[in-house]
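> After the structure tokens below, expect a handful of questions from me.
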Amino acid sequence: MKHSMKIVFLAAALVPALSHAHKAWLLPSATVLAPDQWITVDAAVSNDLFYFNHVPLRLDSLTVLAPDGSKLEAQNPSTGKYRSTFDVHLNQPGTYKLAILNRGVFATYQQNGADKRWRGSAERLAEIPKDAKNLQVSESIGRIETFVTAGEPTDKAFQPANTGLELVPVTHPNDLYAGEAAKFRLLLDGKPATNLDVVIVPGGTRYRDQQNEMSFKADTHGEITVTWPDPGMYWLEATLQDEKTTLPQAKRRRASYVATFEVLPQ
Amino acid sequence: MRSLLSIAVLLILTGQSWGKELTVSVEIPRLNVAEYHRPYIAIWIEHADQRVARHLAVWYQTDPKKEDGREWLKDMRQWWRRGGRSLQMPVDGITGATRPVGTHTLTFKEDSKQLEALAPGKYNLVVEAAREVGGRELLRVPFEWPANQQTRASAKGTSELGTVSLAIAP
């Protein structure tokens with residue numbers, strides 16, 4: 001009995017970990033533009049950055065935040081075999097935040113002696129059978145974001161929701177240049193994510209042998225400072241697990257944050 | 001008429017004029033390429049810390065019969081970053097149409113819109129060129145404003161720009 005409990009718990013820990021194996025990303029066609037232009041954005045999950053060759057990223061929970069803080073409708077959304085795409089008309093000058101917020105609930109249990117897994121939302125928890133044994137519930141909150149600026153950069157779109165992991169730029173995310181340092185603050189439930197491990201991987205992994213991953217640990221202000229080695233697109237990720245759940249049934253929470261940044265040449 | 005014109009040019013080039021002035025000349029080189037478009041060019045004065053002190057000129061596609069040329073202003077990425085992105089284009093007296101191959105000379109008097117109340121100090125003249133389906137190049141020419149005597153300085157480009165020079169008349 002004790003042994004099987006252990007296995008169940010391991011499985012519960014493993015489900016989010018497996019989904020972690022791939023990289024999710026939003027890739028905008030441009031990040032620095034003149035006002036009143038359009039962008040198109042690819043959204044995918046893959047091992048290679050930034051190549052859509054595995055599965056598309058679903059757009060169900062996509063939010064496009066305009067410079068004035070209002071929500072815009074993504075235009076021409078479509079989901080194909082390997083990627084989703086959508087367009088945004090940048091009809092206001094300033095900085096836009098494109099964000100996918102994924103909230104999920106995972107459960108493992110035994111029914112009639114068989115191990116079962118369940119994946120859904122908090123609203124659908126009742127789907128889990130009443131006779132489930134050794135029920136283990138965990139929840140997840142994950143963000144996948146990128147930033148785009150038409151004309152002069154603004155920062156109204158950075159307002160944090162104070163739930164899960166978030167990034168608040170200190171250096172503007174559309175003002176990044178090779179050879180220069182940029183500072184970002186990471187928040188967990190609105191407070192500095194002290195000691196958080198953050199990794200940054202440059203795009204173009206298909207054409208080199210190593211990931212060239214850069215690792216950071218957020219300081220007491222939740223801040224990291226990255227000096228960009230080269231121009232290009234970069235992928236940032238931070239994840240953590242804790243017990244600060246919002247669902248009474250859940251014992252563990254997994255929080256993640258992913259963002260794509262463009263670094264320009266000098 | 002012609003001799004009068006060359007005297008005028010000579011006056012500008014030698015700085016034999018009345019009052020302090022800055023003369024900038026920018027050479028757009030002839031390029032042997034299959035598809036040529038005139039370059040976008042931004043000319044500005046920057047402080048030592050690269051903040052824009054003054055915008056001098058911006059040449060871009062302004063023809064209303066063509067596509068809105070403002071879309072590609074950001075390709076002059078240093079200028080865009082340092083201040084271009086906060087300008088409302090067009091800017092009277094600063095922006096204009098793209099220019100053909102050749103050397104283009106601009107003269108700014110100390111009381112001109114561009115130089116008015118420019119604090120004495122060390123600056124760079126910056127010229128940035130970006131060409132559709134072509135390259136990009138940026139040149140800096142350091143100078144001190146104002147000058148006690150006739151001053152000249154220049155820089156030479158290797159791809160999108162020829163010689164960029166400045167002359168300051170005391």
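In the structure tokens, chains take the letters A, B, ... in the order shown, each chain's residues start at 1, and ligands count up from 1 in the order shown.
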Which residues of chain A have any atom within 12 Å of an atom in chain B when counting only C-alpha atoms, and what is the closest pair of atoms for each, with the distance in Å to one decimal? Order the rows by chain and rising number and write it as a Markdown table.

```
| residue | atom | partner | partner_atom | distance |
| --- | --- | --- | --- | --- |
| A:Ala30 | CA | B:Lys74 | CA | 11.0 |
| A:Thr31 | CA | B:Lys74 | CA | 10.8 |
| A:Val32 | CA | B:Lys74 | CA | 7.3 |
| A:Leu33 | CA | B:Lys74 | CA | 6.4 |
| A:Ala34 | CA | B:Glu71 | CA | 5.5 |
| A:Pro35 | CA | B:Glu71 | CA | 7.9 |
| A:Asp36 | CA | B:Glu71 | CA | 8.6 |
| A:Gln37 | CA | B:Glu71 | CA | 7.3 |
| A:Trp38 | CA | B:Glu71 | CA | 10.2 |
| A:Pro93 | CA | B:Ser86 | CA | 9.8 |
| A:Gly94 | CA | B:Arg85 | CA | 10.0 |
| A:Thr149 | CA | B:Arg85 | CA | 10.0 |
| A:Ala150 | CA | B:Arg85 | CA | 8.3 |
| A:Gly151 | CA | B:Arg85 | CA | 4.8 |
| A:Glu152 | CA | B:Ser86 | CA | 5.2 |
| A:Pro153 | CA | B:Arg85 | CA | 8.5 |
| A:Thr154 | CA | B:Ser86 | CA | 11.0 |
| A:His172 | CA | B:Arg81 | CA | 11.8 |
| A:Asn174 | CA | B:Arg81 | CA | 9.8 |
| A:Asp175 | CA | B:Arg81 | CA | 7.6 |
| A:Leu176 | CA | B:Arg81 | CA | 10.0 |
| A:Tyr177 | CA | B:Arg81 | CA | 10.1 |
| A:Val263 | CA | B:Arg77 | CA | 11.9 |
| A:Leu264 | CA | B:Arg77 | CA | 8.5 |
| A:Pro265 | CA | B:Arg77 | CA | 8.5 |
| A:Gln266 | CA | B:Gln78 | CA | 6.9 |
```
> Running DSSP on the backbone, which parts of region 20-118 of chain B land in alpha helix (DSSP H), as a list in words?
Arg77, Gln78, Trp79, Trp80, Arg81 and Arg82 of chain B
> What is the distance between CA of Ser215 (chain A) and CA of Val258 (chain A), in Å to one decimal?
14.1 Å
> Suppose you want the space between CA of Asp115 (chain A) and CA of Gly142 (chain A); what is it in Å?
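So the two atoms, CA of Asp115 (chain A) and CA of Gly142 (chain A), lie 26.4 Å apart.
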> Residues at most 8 Å from Val168 (chain A), counting only C-alpha atoms, excluding those fewer than 6 positions away in the same chain, as number ranges by chain?
A: 158-160, 184-187
> Using the selection just defined, write its residues with C-alpha atoms as a short mmCIF file (atom, residue, chain, number, x, y, z; two decimals), in the first residue's frame.

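Below you can see result07.cif, which holds the result:
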```cif
data_model
loop_
_atom_site.label_atom_id
_atom_site.label_comp_id
_atom_site.auth_asym_id
_atom_site.auth_seq_id
_atom_site.Cartn_x
_atom_site.Cartn_y
_atom_site.Cartn_z
CA PHE A 158 3.04 45.06 -17.87
CA GLN A 159 0.57 45.37 -14.99
CA PRO A 160 0.87 42.03 -13.13
CA PHE A 184 13.79 41.64 -15.51
CA ARG A 185 11.87 41.11 -12.29
CA LEU A 186 10.03 37.86 -11.68
CA LEU A 187 7.05 37.74 -9.40
#
```
